[in-house]
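Structure below is query.tsv: TSV, C-alpha atoms.
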```
chain	number	residue	atom	x	y	z
A	21	MET	CA	5.68	21.60	-1.94
A	22	ASN	CA	9.15	22.81	-2.70
A	23	ASN	CA	9.98	21.96	-6.33
A	24	LYS	CA	13.37	20.60	-5.27
A	25	ILE	CA	11.68	18.02	-3.04
A	26	HIS	CA	9.42	17.00	-5.94
A	27	SER	CA	12.47	16.62	-8.17
A	28	ALA	CA	14.32	14.61	-5.50
A	29	PHE	CA	11.43	12.14	-5.19
A	30	PHE	CA	11.10	11.91	-8.98
A	31	ILE	CA	14.81	11.55	-9.82
A	32	GLY	CA	15.52	9.14	-6.98
A	33	GLY	CA	12.50	7.02	-7.88
A	34	LEU	CA	13.34	7.09	-11.59
A	35	ILE	CA	16.92	5.94	-10.97
A	36	ILE	CA	15.72	2.96	-8.91
A	37	PHE	CA	13.03	2.25	-11.52
A	38	VAL	CA	15.58	2.15	-14.37
A	39	ILE	CA	17.87	-0.13	-12.34
A	40	LEU	CA	14.99	-2.53	-11.60
A	41	VAL	CA	13.86	-2.61	-15.23
A	42	TYR	CA	17.45	-3.15	-16.41
A	43	ASN	CA	17.99	-6.01	-13.95
A	44	PHE	CA	14.65	-7.55	-14.90
A	45	GLY	CA	15.44	-7.30	-18.61
A	46	VAL	CA	13.62	-5.34	-21.32
A	47	ASN	CA	13.41	-8.44	-23.52
A	48	GLU	CA	11.87	-10.37	-20.62
A	49	ILE	CA	9.22	-7.66	-20.23
A	50	ILE	CA	8.36	-7.65	-23.93
A	51	GLU	CA	8.29	-11.45	-24.10
A	52	ASN	CA	5.90	-11.80	-21.15
A	53	ILE	CA	3.60	-9.04	-22.38
A	54	TYR	CA	3.43	-10.85	-25.73
A	55	LYS	CA	2.76	-14.17	-23.95
A	56	THR	CA	-0.04	-12.63	-21.89
A	57	GLY	CA	-1.63	-11.11	-24.98
A	58	VAL	CA	-4.80	-9.02	-24.77
A	59	TRP	CA	-5.24	-10.11	-21.13
A	60	PHE	CA	-2.41	-7.75	-20.19
A	61	LEU	CA	-4.76	-4.75	-20.62
A	62	PRO	CA	-7.32	-5.85	-17.97
A	63	ILE	CA	-4.45	-7.03	-15.73
A	64	VAL	CA	-3.04	-3.50	-15.74
A	65	GLY	CA	-6.45	-1.82	-15.83
A	66	ILE	CA	-7.88	-3.57	-12.76
A	67	TRP	CA	-5.26	-1.83	-10.65
A	68	GLY	CA	-6.59	1.52	-11.81
A	69	PHE	CA	-9.82	0.58	-10.02
A	70	VAL	CA	-7.87	-0.63	-6.97
A	71	TYR	CA	-6.07	2.71	-6.68
A	72	LEU	CA	-9.38	4.50	-7.15
A	73	ILE	CA	-10.85	2.57	-4.20
A	74	ASN	CA	-7.71	3.28	-2.11
A	75	THR	CA	-8.11	6.97	-2.93
A	76	CYS	CA	-11.74	6.89	-1.77
A	77	ALA	CA	-10.62	5.42	1.56
A	78	TRP	CA	-7.98	8.14	2.02
A	79	PHE	CA	-10.34	10.86	0.78
A	80	ILE	CA	-12.74	9.98	3.61
A	81	ILE	CA	-9.92	10.15	6.17
A	82	ILE	CA	-8.76	13.53	4.91
A	83	ASP	CA	-12.40	14.65	4.95
A	84	GLY	CA	-11.94	15.74	1.37
A	85	PHE	CA	-15.54	16.87	1.15
A	86	ASN	CA	-14.64	19.74	3.50
A	87	SER	CA	-11.10	20.47	2.31
A	88	PRO	CA	-9.70	22.52	-0.59
A	89	LEU	CA	-8.34	19.33	-2.18
A	90	LYS	CA	-10.16	17.81	-5.12
A	91	PHE	CA	-10.48	14.05	-5.50
A	92	SER	CA	-8.30	14.05	-8.61
A	93	LYS	CA	-5.44	15.65	-6.65
A	94	ILE	CA	-5.63	13.00	-3.93
A	95	PHE	CA	-5.82	10.30	-6.62
A	96	SER	CA	-2.55	11.51	-8.17
A	97	ILE	CA	-0.84	11.65	-4.74
A	98	THR	CA	-2.13	8.13	-3.99
A	99	LEU	CA	-0.67	6.76	-7.22
A	100	SER	CA	2.68	8.45	-6.61
A	101	GLY	CA	2.79	7.29	-3.00
A	102	PHE	CA	2.23	3.66	-3.95
A	103	ALA	CA	4.80	3.96	-6.76
A	104	ILE	CA	7.44	5.06	-4.23
A	105	ASN	CA	6.33	2.30	-1.83
A	106	TYR	CA	6.97	-0.34	-4.49
A	107	ILE	CA	10.61	0.66	-4.86
A	108	THR	CA	11.35	1.38	-1.19
A	109	PRO	CA	13.43	-1.25	0.64
A	110	VAL	CA	12.17	-0.32	4.13
A	111	ALA	CA	8.81	-1.97	4.79
A	112	SER	CA	7.49	-0.45	1.55
A	113	MET	CA	6.69	2.82	3.34
A	114	GLY	CA	8.77	5.35	1.40
A	115	GLY	CA	5.61	6.82	-0.12
A	116	GLU	CA	4.34	8.11	3.23
A	117	PRO	CA	6.80	11.04	3.45
A	118	TYR	CA	5.81	12.00	-0.09
A	119	ARG	CA	2.10	11.96	0.83
A	120	ILE	CA	2.81	14.24	3.80
A	121	TYR	CA	4.84	16.71	1.73
A	122	ALA	CA	2.29	16.68	-1.08
A	123	LEU	CA	-0.60	17.46	1.28
A	124	LYS	CA	0.92	19.89	3.75
A	125	ASN	CA	0.52	23.04	1.64
A	126	PHE	CA	-3.19	22.31	1.24
A	127	ILE	CA	-4.34	21.11	4.67
A	128	GLY	CA	-1.40	21.93	6.96
A	129	LEU	CA	1.42	19.75	8.28
A	130	ASP	CA	-0.41	18.36	11.33
A	131	LYS	CA	-3.40	17.14	9.35
A	132	SER	CA	-1.27	15.82	6.49
A	133	VAL	CA	0.80	13.77	8.97
A	134	SER	CA	-2.25	12.48	10.88
A	135	SER	CA	-4.22	11.57	7.73
A	136	THR	CA	-1.21	9.73	6.28
A	137	ILE	CA	-0.62	7.80	9.51
A	138	LEU	CA	-4.34	7.04	9.74
A	139	TYR	CA	-4.49	5.66	6.22
A	140	THR	CA	-1.35	3.56	6.79
A	141	MET	CA	-2.87	2.09	9.96
A	142	ILE	CA	-6.16	1.35	8.19
A	143	HIS	CA	-4.26	-0.09	5.22
A	144	TYR	CA	-2.45	-2.52	7.51
A	145	THR	CA	-5.66	-3.39	9.37
A	146	SER	CA	-7.40	-4.24	6.10
A	147	HIS	CA	-4.38	-6.40	5.24
A	148	PHE	CA	-4.85	-8.38	8.45
A	149	LEU	CA	-8.56	-8.81	7.64
A	150	PHE	CA	-7.67	-9.97	4.14
A	151	TRP	CA	-5.30	-12.61	5.51
A	152	LEU	CA	-8.03	-13.78	7.89
A	153	THR	CA	-10.30	-14.15	4.86
A	154	ALA	CA	-7.72	-16.41	3.19
A	155	ILE	CA	-7.46	-18.55	6.34
A	156	ALA	CA	-11.26	-18.88	6.47
A	157	LEU	CA	-11.42	-19.86	2.77
A	158	LEU	CA	-8.66	-22.41	3.26
A	159	ALA	CA	-10.47	-23.91	6.27
A	160	ILE	CA	-13.78	-24.09	4.36
A	161	TYR	CA	-12.63	-25.38	0.99
A	162	SER	CA	-9.53	-27.48	1.74
A	163	PRO	CA	-8.97	-30.58	3.87
A	164	LEU	CA	-6.49	-29.69	6.60
A	165	SER	CA	-4.10	-31.84	8.57
A	166	PHE	CA	-3.99	-31.48	12.34
A	167	THR	CA	-0.63	-29.68	12.18
A	168	LEU	CA	-1.83	-27.20	9.55
A	169	THR	CA	-5.03	-26.60	11.52
A	170	VAL	CA	-3.03	-25.69	14.63
A	171	ILE	CA	-0.78	-23.37	12.61
A	172	LEU	CA	-3.75	-21.61	11.01
A	173	ILE	CA	-5.53	-21.20	14.36
A	174	ALA	CA	-2.38	-19.67	15.87
A	175	LEU	CA	-1.95	-17.37	12.85
A	176	ALA	CA	-5.62	-16.31	13.00
A	177	ALA	CA	-5.23	-15.53	16.72
A	178	VAL	CA	-2.18	-13.36	16.02
A	179	LEU	CA	-4.01	-11.48	13.25
A	180	ILE	CA	-7.05	-10.88	15.46
A	181	LEU	CA	-4.79	-9.51	18.19
A	182	LEU	CA	-3.09	-7.21	15.67
A	183	ILE	CA	-6.45	-5.94	14.43
A	184	LEU	CA	-7.58	-5.24	17.99
A	185	PHE	CA	-4.27	-3.51	18.73
A	186	PHE	CA	-4.54	-1.24	15.69
A	187	ILE	CA	-8.15	-0.33	16.51
A	188	SER	CA	-7.12	0.45	20.10
A	189	ARG	CA	-4.42	2.79	18.78
A	190	HIS	CA	-7.10	4.59	16.77
A	191	LYS	CA	-9.02	5.05	20.01
A	192	LYS	CA	-6.11	6.05	22.26
A	193	GLY	CA	-3.52	7.43	19.86
A	194	VAL	CA	-0.12	6.13	18.89
A	195	LEU	CA	2.41	8.96	18.59
A	196	VAL	CA	2.46	10.41	22.11
A	197	SER	CA	3.16	7.05	23.80
A	198	LEU	CA	5.77	6.21	21.14
A	199	TYR	CA	7.40	9.64	21.46
A	200	ARG	CA	7.63	9.39	25.25
A	201	LEU	CA	9.07	5.88	24.99
A	202	LEU	CA	11.73	6.98	22.49
A	203	ASN	CA	12.42	10.09	24.53
A	204	LYS	CA	13.83	7.86	27.26
A	205	ILE	CA	16.59	6.88	24.87
A	206	SER	CA	19.37	9.45	25.28
A	207	PHE	CA	20.51	9.26	21.64
A	208	PHE	CA	17.00	10.01	20.33
A	209	ASN	CA	16.45	12.73	22.92
A	210	LYS	CA	19.73	14.48	22.11
A	211	TYR	CA	19.83	14.31	18.32
A	212	PHE	CA	16.20	14.09	17.24
A	213	ALA	CA	13.63	15.01	19.88
A	214	GLU	CA	14.98	18.46	20.70
A	215	LYS	CA	15.74	19.42	17.07
A	216	TYR	CA	12.95	17.89	15.02
A	217	PHE	CA	10.11	16.74	17.26
A	218	LYS	CA	8.04	19.06	19.45
A	219	GLU	CA	5.76	17.38	21.97
A	220	ASP	CA	3.00	19.94	21.37
A	221	SER	CA	2.91	19.02	17.69
A	222	ILE	CA	2.99	15.30	18.50
A	223	ILE	CA	0.03	15.73	20.87
A	224	LYS	CA	-1.91	17.71	18.26
A	225	ILE	CA	-1.34	15.08	15.57
A	226	ASP	CA	-2.31	12.29	17.97
A	227	LYS	CA	-5.55	14.11	18.77
A	228	GLU	CA	-6.31	14.23	15.04
A	229	ILE	CA	-5.83	10.44	14.91
A	230	THR	CA	-8.05	9.66	17.90
A	231	SER	CA	-10.66	12.20	16.81
A	232	PHE	CA	-11.20	10.35	13.54
A	233	TYR	CA	-12.19	7.13	15.29
A	234	ASN	CA	-13.99	8.63	18.30
A	235	LYS	CA	-15.93	11.36	16.48
A	236	ARG	CA	-16.22	9.94	12.94
A	237	LYS	CA	-16.62	6.23	13.65
A	238	LYS	CA	-18.80	5.58	10.58
A	239	ALA	CA	-16.17	7.22	8.39
A	240	PHE	CA	-13.49	5.04	10.01
A	241	TYR	CA	-15.30	1.79	9.23
A	242	LEU	CA	-16.28	2.95	5.75
A	243	SER	CA	-12.63	3.72	4.99
A	244	LEU	CA	-11.59	0.32	6.37
A	245	ILE	CA	-14.25	-1.50	4.30
A	246	LEU	CA	-13.22	0.35	1.15
A	247	ASP	CA	-9.55	-0.50	1.60
A	248	TYR	CA	-10.47	-4.15	2.27
A	249	LEU	CA	-12.65	-4.10	-0.86
A	250	GLY	CA	-9.65	-2.81	-2.81
A	251	ARG	CA	-7.74	-5.96	-1.84
A	252	ILE	CA	-10.62	-8.16	-2.97
A	253	VAL	CA	-10.76	-6.35	-6.33
A	254	ALA	CA	-6.98	-6.69	-6.72
A	255	SER	CA	-7.40	-10.48	-6.52
A	256	ILE	CA	-9.14	-10.38	-9.91
A	257	GLU	CA	-5.69	-9.81	-11.39
A	258	PHE	CA	-4.85	-13.46	-10.71
A	259	LEU	CA	-7.99	-14.59	-12.53
A	260	PHE	CA	-6.92	-12.60	-15.58
A	261	ILE	CA	-3.32	-13.85	-15.49
A	262	LEU	CA	-4.36	-17.50	-15.28
A	263	LYS	CA	-7.00	-16.98	-17.98
A	264	SER	CA	-4.23	-15.75	-20.27
A	265	ILE	CA	-2.63	-19.22	-20.19
A	266	GLY	CA	-5.88	-21.16	-20.27
A	267	ALA	CA	-5.96	-22.10	-16.57
A	268	ASP	CA	-9.34	-22.08	-14.87
A	269	ILE	CA	-9.58	-21.06	-11.22
A	270	SER	CA	-12.38	-19.82	-9.00
A	271	PHE	CA	-12.60	-16.32	-7.54
A	272	PHE	CA	-12.05	-17.85	-4.08
A	273	ASP	CA	-8.81	-19.40	-5.36
A	274	ALA	CA	-7.74	-15.99	-6.67
A	275	ILE	CA	-8.37	-14.40	-3.26
A	276	PHE	CA	-6.38	-17.17	-1.58
A	277	ILE	CA	-3.45	-16.75	-4.02
A	278	SER	CA	-3.41	-12.99	-3.44
A	279	ALA	CA	-3.70	-13.18	0.37
A	280	ALA	CA	-1.34	-16.11	0.95
A	281	SER	CA	1.40	-14.76	-1.33
A	282	SER	CA	1.16	-11.27	0.22
A	283	LEU	CA	1.42	-12.78	3.71
A	284	ILE	CA	4.69	-14.50	2.80
A	285	MET	CA	6.02	-11.35	1.10
A	286	ASN	CA	5.20	-9.15	4.10
A	287	ILE	CA	7.06	-11.45	6.45
A	288	ILE	CA	10.18	-10.58	4.43
A	289	PHE	CA	9.42	-6.88	3.99
A	290	PHE	CA	12.83	-5.27	3.44
A	291	VAL	CA	13.50	-6.23	-0.20
A	292	PRO	CA	12.58	-3.58	-2.82
A	293	MET	CA	9.77	-4.85	-5.06
A	294	GLU	CA	10.08	-8.19	-3.17
A	295	LEU	CA	12.78	-9.26	-5.63
A	296	GLY	CA	12.79	-13.07	-5.70
A	297	ILE	CA	10.45	-13.25	-2.69
A	298	ARG	CA	7.28	-12.79	-4.76
A	299	GLU	CA	8.14	-15.55	-7.22
A	300	GLY	CA	9.06	-17.92	-4.40
A	301	SER	CA	5.87	-17.20	-2.45
A	302	LEU	CA	3.71	-17.69	-5.54
A	303	MET	CA	5.47	-20.99	-6.29
A	304	LEU	CA	4.57	-22.22	-2.79
A	305	VAL	CA	0.96	-21.05	-3.07
A	306	MET	CA	0.42	-22.52	-6.56
A	307	ASN	CA	1.94	-25.82	-5.43
A	308	ALA	CA	-0.53	-25.85	-2.54
A	309	LEU	CA	-3.34	-25.46	-5.07
A	310	LYS	CA	-1.92	-28.39	-7.10
A	311	TYR	CA	-0.59	-26.21	-9.93
A	312	GLY	CA	2.96	-26.40	-11.22
A	313	SER	CA	5.57	-24.13	-9.66
A	314	GLY	CA	6.30	-22.71	-13.13
A	315	ILE	CA	2.88	-21.07	-13.14
A	316	GLY	CA	3.80	-19.30	-9.91
A	317	VAL	CA	6.93	-17.89	-11.53
A	318	TYR	CA	4.90	-16.71	-14.55
A	319	ILE	CA	2.34	-14.99	-12.31
A	320	GLY	CA	5.16	-13.23	-10.46
A	321	LEU	CA	6.68	-11.99	-13.72
A	322	VAL	CA	3.37	-10.56	-14.95
A	323	ASN	CA	2.74	-8.98	-11.51
A	324	ARG	CA	6.08	-7.26	-11.72
A	325	ILE	CA	5.55	-5.93	-15.25
A	326	ARG	CA	2.18	-4.53	-14.17
A	327	GLU	CA	3.92	-2.82	-11.26
A	328	PHE	CA	6.51	-1.32	-13.62
A	329	PHE	CA	3.67	0.34	-15.53
A	330	TRP	CA	2.05	1.89	-12.45
A	331	ILE	CA	5.42	2.88	-10.94
A	332	LEU	CA	6.19	4.84	-14.10
A	333	VAL	CA	2.74	6.49	-14.01
A	334	GLY	CA	3.19	7.41	-10.35
A	335	LEU	CA	6.67	8.86	-10.89
A	336	LEU	CA	5.48	10.92	-13.87
A	337	LEU	CA	2.65	12.32	-11.74
A	338	ILE	CA	5.20	13.49	-9.16
A	339	GLN	CA	6.88	15.55	-11.86
A	340	LEU	CA	3.58	16.78	-13.32
A	341	ASN	CA	2.34	17.89	-9.92
A	342	LYS	CA	5.55	19.85	-9.40
A	343	TYR	CA	4.41	22.19	-12.16
A	344	GLY	CA	0.81	22.01	-10.99
A	345	ILE	CA	1.39	23.65	-7.61
A	346	LYS	CA	1.19	27.25	-8.80
A	347	LYS	CA	-0.47	26.68	-12.14
A	348	GLY	CA	-3.28	24.40	-10.96
A	349	ASN	CA	-3.41	20.66	-10.65
A	350	ILE	CA	-2.58	18.99	-13.96
A	351	MET	CA	-4.52	15.87	-12.98
A	352	GLU	CA	-7.66	18.00	-12.82
A	353	ASP	CA	-7.11	19.00	-16.44
A	354	LEU	CA	-6.52	15.41	-17.48
A	355	LEU	CA	-9.54	13.88	-15.70
```
Please re-express this file's structure in structure tokens.
Amino acid sequence: MNNKIHSAFFIGGLIIFVILVYNFGVNEIIENIYKTGVWFLPIVGIWGFVYLINTCAWFIIIDGFNSPLKFSKIFSITLSGFAINYITPVASMGGEPYRIYALKNFIGLDKSVSSTILYTMIHYTSHFLFWLTAIALLAIYSPLSFTLTVILIALAAVLILLILFFISRHKKGVLVSLYRLLNKISFFNKYFAEKYFKEDSIIKIDKEITSFYNKRKKAFYLSLILDYLGRIVASIEFLFILKSIGADISFFDAIFISAASSLIMNIIFFVPMELGIREGSLMLVMNALKYGSGIGVYIGLVNRIREFFWILVGLLLIQLNKYGIKKGNIMEDLL
């Protein structure tokens, strides 16, 4: 990748990171780390395992076993991609362009685009499955009113339809139909299609997407299961946070807290780092579990501090990998 592009991602991300930390308050960060105590280490550390599982899912999609990329390289790109996603105000997808740029010199532009789109689609599909899990747990372990039952059934139906839609796009492709639809819009056709998008390239990338599902179906489902497993593992964070203040919850409660809060946050997707949205969603979820709303605010604060740590790691890896392009991958030397 061009070093200037690396620097642009790094500097832009670092500026947003500093602004977020400043607005949050350094004293607030220190105070909450102190309040969490030794539990802060496993809270941060569990996400190292989550990113490792996410990397395994993407590694399978890329077919890393048959590519020049080593697992450690993909791990560093994964961390950096998620770091950029955290601070991106547009559907938390700013890390996808970075993934494409970081991969293209190793496996080519078409495959880097297709593998990134594939992982994003699988990542969303596993999210829908995770939310279905929360609905099932709520139905099994909590008494539901008639109104809430109807709402949950409708929500489950929508999620199932979304899962089926995403799987169908893996079978039939997504880019060609989208490109041809957008091409009917004169503004897109005049200013974007002719200059930046070539139909031959779109068709080639779409074939890469459909080929993964149609020819490597076991790999597709393994990648989906791994990404779903990553979400289950991430729920352990809530166990650790509540343990730090002496609260006792079950693992099923932790999964419900994680899934329900993420559902609310994803409905309002355009706020960088879900500022204010996360705390509000956790207050609602903790109230539903008969905990005080203050605990929800505390969980949100610790979540955010943990994210600050991994954002900083991801941004530093962008800069390290800039120097690792011609001199070898620095992550390989570190791992």
With only C-alpha atoms counted, which protein, DNA or RNA residues have an atom no more than 10 Å from (-6.3, -6.9, 13.8) in the file frame? Please answer as an mmCIF file with C-alpha atoms, in the frame of the given file.
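Dumped to part_10.cif:
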```cif
data_model
loop_
_atom_site.group_PDB
_atom_site.id
_atom_site.type_symbol
_atom_site.label_atom_id
_atom_site.label_comp_id
_atom_site.auth_asym_id
_atom_site.auth_seq_id
_atom_site.Cartn_x
_atom_site.Cartn_y
_atom_site.Cartn_z
ATOM 1 C CA ILE A 142 -6.160 1.350 8.190
ATOM 2 C CA TYR A 144 -2.450 -2.520 7.510
ATOM 3 C CA THR A 145 -5.660 -3.390 9.370
ATOM 4 C CA SER A 146 -7.400 -4.240 6.100
ATOM 5 C CA HIS A 147 -4.380 -6.400 5.240
ATOM 6 C CA PHE A 148 -4.850 -8.380 8.450
ATOM 7 C CA LEU A 149 -8.560 -8.810 7.640
ATOM 8 C CA LEU A 152 -8.030 -13.780 7.890
ATOM 9 C CA ALA A 176 -5.620 -16.310 13.000
ATOM 10 C CA ALA A 177 -5.230 -15.530 16.720
ATOM 11 C CA VAL A 178 -2.180 -13.360 16.020
ATOM 12 C CA LEU A 179 -4.010 -11.480 13.250
ATOM 13 C CA ILE A 180 -7.050 -10.880 15.460
ATOM 14 C CA LEU A 181 -4.790 -9.510 18.190
ATOM 15 C CA LEU A 182 -3.090 -7.210 15.670
ATOM 16 C CA ILE A 183 -6.450 -5.940 14.430
ATOM 17 C CA LEU A 184 -7.580 -5.240 17.990
ATOM 18 C CA PHE A 185 -4.270 -3.510 18.730
ATOM 19 C CA PHE A 186 -4.540 -1.240 15.690
ATOM 20 C CA ILE A 187 -8.150 -0.330 16.510
ATOM 21 C CA SER A 188 -7.120 0.450 20.100
#
```
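When the distance limit is 12 Å and all atoms listed in the file are what count, the residues near Arg189 in chain A, minus those fewer than 3 positions from it on the same chain, are Ile137, Leu138, Met141, Ile142, Thr145, Leu182, Ile183, Leu184, Phe185, Phe186, Lys192, Gly193, Val194, Leu195, Val196, Ser197, Leu198, Asp226, Lys227, Ile229, Thr230, Ser231, Phe232, Tyr233 and Asn234 of chain A.
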For this session: Using CA of Gly114 in chain A and CA of Leu246 in chain A as the two end points, give the distance in Å to one decimal.
Result: 22.6 Å
Problem set entry | One-decimal distance in Å that lies between CA of Tyr42 in chain A and CA of Trp59 in chain A | 24.2 Å
For Ser243 in chain A, please output as a PDB file with C-alpha atoms, keeping the file's coordinate frame all residues within 10 Å (counting all atoms listed in the file; exclusion window: fewer than 3 positions along the same chain).
```
ATOM      1  CA  ILE A  73     -10.850   2.570  -4.200  1.00  0.00           C
ATOM      2  CA  ASN A  74      -7.710   3.280  -2.110  1.00  0.00           C
ATOM      3  CA  THR A  75      -8.110   6.970  -2.930  1.00  0.00           C
ATOM      4  CA  CYS A  76     -11.740   6.890  -1.770  1.00  0.00           C
ATOM      5  CA  ALA A  77     -10.620   5.420   1.560  1.00  0.00           C
ATOM      6  CA  TRP A  78      -7.980   8.140   2.020  1.00  0.00           C
ATOM      7  CA  PHE A  79     -10.340  10.860   0.780  1.00  0.00           C
ATOM      8  CA  ILE A  80     -12.740   9.980   3.610  1.00  0.00           C
ATOM      9  CA  ILE A  81      -9.920  10.150   6.170  1.00  0.00           C
ATOM     10  CA  TYR A 139      -4.490   5.660   6.220  1.00  0.00           C
ATOM     11  CA  ILE A 142      -6.160   1.350   8.190  1.00  0.00           C
ATOM     12  CA  HIS A 143      -4.260  -0.090   5.220  1.00  0.00           C
ATOM     13  CA  SER A 146      -7.400  -4.240   6.100  1.00  0.00           C
ATOM     14  CA  LYS A 237     -16.620   6.230  13.650  1.00  0.00           C
ATOM     15  CA  LYS A 238     -18.800   5.580  10.580  1.00  0.00           C
ATOM     16  CA  ALA A 239     -16.170   7.220   8.390  1.00  0.00           C
ATOM     17  CA  PHE A 240     -13.490   5.040  10.010  1.00  0.00           C
ATOM     18  CA  LEU A 246     -13.220   0.350   1.150  1.00  0.00           C
ATOM     19  CA  ASP A 247      -9.550  -0.500   1.600  1.00  0.00           C
ATOM     20  CA  TYR A 248     -10.470  -4.150   2.270  1.00  0.00           C
ATOM     21  CA  LEU A 249     -12.650  -4.100  -0.860  1.00  0.00           C
TER      22      LEU A 249
END
```
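Comparing A:Ser165, A:Asn341, A:Ser264, A:Thr140 by their smallest distance to Gly57 in chain A, the closest is A:Ser264 (using all atoms listed in the file).
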Exercise. Any idea what's packed within 12 Å of range 44-55 of chain A, counting all atoms listed in the file, ignoring anything in its chain fewer than 3 positions away? Could you give it as JSON, numbers by chain?
Worked result: {"A": [37, 38, 39, 40, 41, 58, 59, 60, 61, 63, 64, 261, 262, 263, 264, 265, 266, 293, 295, 296, 317, 318, 319, 320, 321, 322, 323, 324, 325, 326, 327, 328, 329]}
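From CA of Ser255 in chain A back to CA of Ile284 in chain A, the distance works out to 15.8 Å.
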Problem set entry | Contacts of range 128-136 of chain A at 6 Å (all atoms listed in the file; same-chain gap of 6+ positions) as a VMD selection string | chain A and resid 82 120 225 229
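In this comparison, which uses only C-alpha atoms, the residue of A:Ile315, A:Ala122, A:Val70, A:Leu336 approaching Met303 in chain A most closely is A:Ile315.
Remark: for Ile338 in chain A, the closest of the candidate residues A:Ala274, A:Ile35, A:Leu89, A:Leu99 is A:Leu99 (distances computed over only C-alpha atoms).
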Protein, DNA and RNA residues within 6 Å of (4.1, 11.8, -1.7), only C-alpha atoms, as a short mmCIF file (atom, residue, chain, number, x, y, z; two decimals) with C-alpha atoms, keeping the file's coordinate frame:
```cif
data_model
loop_
_atom_site.label_atom_id
_atom_site.label_comp_id
_atom_site.auth_asym_id
_atom_site.auth_seq_id
_atom_site.Cartn_x
_atom_site.Cartn_y
_atom_site.Cartn_z
CA ILE A 97 -0.84 11.65 -4.74
CA GLY A 101 2.79 7.29 -3.00
CA GLY A 115 5.61 6.82 -0.12
CA PRO A 117 6.80 11.04 3.45
CA TYR A 118 5.81 12.00 -0.09
CA ARG A 119 2.10 11.96 0.83
CA ALA A 122 2.29 16.68 -1.08
#
```
Kindly complete range 92-107 of chain A to N, CA and C atoms; the output should be written as a PDB file, in the frame of the given file.
```
ATOM      1  N   SER A  92      -9.315  14.357  -7.610  1.00  0.00           N
ATOM      2  CA  SER A  92      -8.300  14.050  -8.610  1.00  0.00           C
ATOM      3  C   SER A  92      -6.891  14.314  -8.082  1.00  0.00           C
ATOM      4  N   LYS A  93      -6.737  15.338  -7.246  1.00  0.00           N
ATOM      5  CA  LYS A  93      -5.440  15.650  -6.650  1.00  0.00           C
ATOM      6  C   LYS A  93      -5.005  14.526  -5.705  1.00  0.00           C
ATOM      7  N   ILE A  94      -5.935  14.066  -4.876  1.00  0.00           N
ATOM      8  CA  ILE A  94      -5.630  13.000  -3.930  1.00  0.00           C
ATOM      9  C   ILE A  94      -5.348  11.698  -4.677  1.00  0.00           C
ATOM     10  N   PHE A  95      -6.054  11.484  -5.794  1.00  0.00           N
ATOM     11  CA  PHE A  95      -5.820  10.300  -6.620  1.00  0.00           C
ATOM     12  C   PHE A  95      -4.383  10.297  -7.146  1.00  0.00           C
ATOM     13  N   SER A  96      -3.914  11.442  -7.632  1.00  0.00           N
ATOM     14  CA  SER A  96      -2.550  11.510  -8.170  1.00  0.00           C
ATOM     15  C   SER A  96      -1.516  11.302  -7.070  1.00  0.00           C
ATOM     16  N   ILE A  97      -1.760  11.845  -5.869  1.00  0.00           N
ATOM     17  CA  ILE A  97      -0.840  11.650  -4.740  1.00  0.00           C
ATOM     18  C   ILE A  97      -0.836  10.182  -4.318  1.00  0.00           C
ATOM     19  N   THR A  98      -2.019   9.550  -4.337  1.00  0.00           N
ATOM     20  CA  THR A  98      -2.130   8.130  -3.990  1.00  0.00           C
ATOM     21  C   THR A  98      -1.294   7.274  -4.937  1.00  0.00           C
ATOM     22  N   LEU A  99      -1.440   7.517  -6.231  1.00  0.00           N
ATOM     23  CA  LEU A  99      -0.670   6.760  -7.220  1.00  0.00           C
ATOM     24  C   LEU A  99       0.834   6.932  -7.012  1.00  0.00           C
ATOM     25  N   SER A 100       1.249   8.179  -6.805  1.00  0.00           N
ATOM     26  CA  SER A 100       2.680   8.450  -6.610  1.00  0.00           C
ATOM     27  C   SER A 100       3.197   7.820  -5.321  1.00  0.00           C
ATOM     28  N   GLY A 101       2.385   7.887  -4.275  1.00  0.00           N
ATOM     29  CA  GLY A 101       2.790   7.290  -3.000  1.00  0.00           C
ATOM     30  C   GLY A 101       3.001   5.795  -3.109  1.00  0.00           C
ATOM     31  N   PHE A 102       2.072   5.098  -3.772  1.00  0.00           N
ATOM     32  CA  PHE A 102       2.230   3.660  -3.950  1.00  0.00           C
ATOM     33  C   PHE A 102       3.415   3.332  -4.849  1.00  0.00           C
ATOM     34  N   ALA A 103       3.655   4.178  -5.869  1.00  0.00           N
ATOM     35  CA  ALA A 103       4.800   3.960  -6.760  1.00  0.00           C
ATOM     36  C   ALA A 103       6.104   3.990  -5.963  1.00  0.00           C
ATOM     37  N   ILE A 104       6.231   4.964  -5.057  1.00  0.00           N
ATOM     38  CA  ILE A 104       7.440   5.060  -4.230  1.00  0.00           C
ATOM     39  C   ILE A 104       7.510   3.875  -3.264  1.00  0.00           C
ATOM     40  N   ASN A 105       6.355   3.461  -2.723  1.00  0.00           N
ATOM     41  CA  ASN A 105       6.330   2.300  -1.830  1.00  0.00           C
ATOM     42  C   ASN A 105       6.884   1.052  -2.503  1.00  0.00           C
ATOM     43  N   TYR A 106       6.535   0.851  -3.767  1.00  0.00           N
ATOM     44  CA  TYR A 106       6.970  -0.340  -4.490  1.00  0.00           C
ATOM     45  C   TYR A 106       8.490  -0.447  -4.564  1.00  0.00           C
ATOM     46  N   ILE A 107       9.163   0.691  -4.645  1.00  0.00           N
ATOM     47  CA  ILE A 107      10.610   0.660  -4.860  1.00  0.00           C
ATOM     48  C   ILE A 107      11.401   1.002  -3.591  1.00  0.00           C
TER      49      ILE A 107
END
```
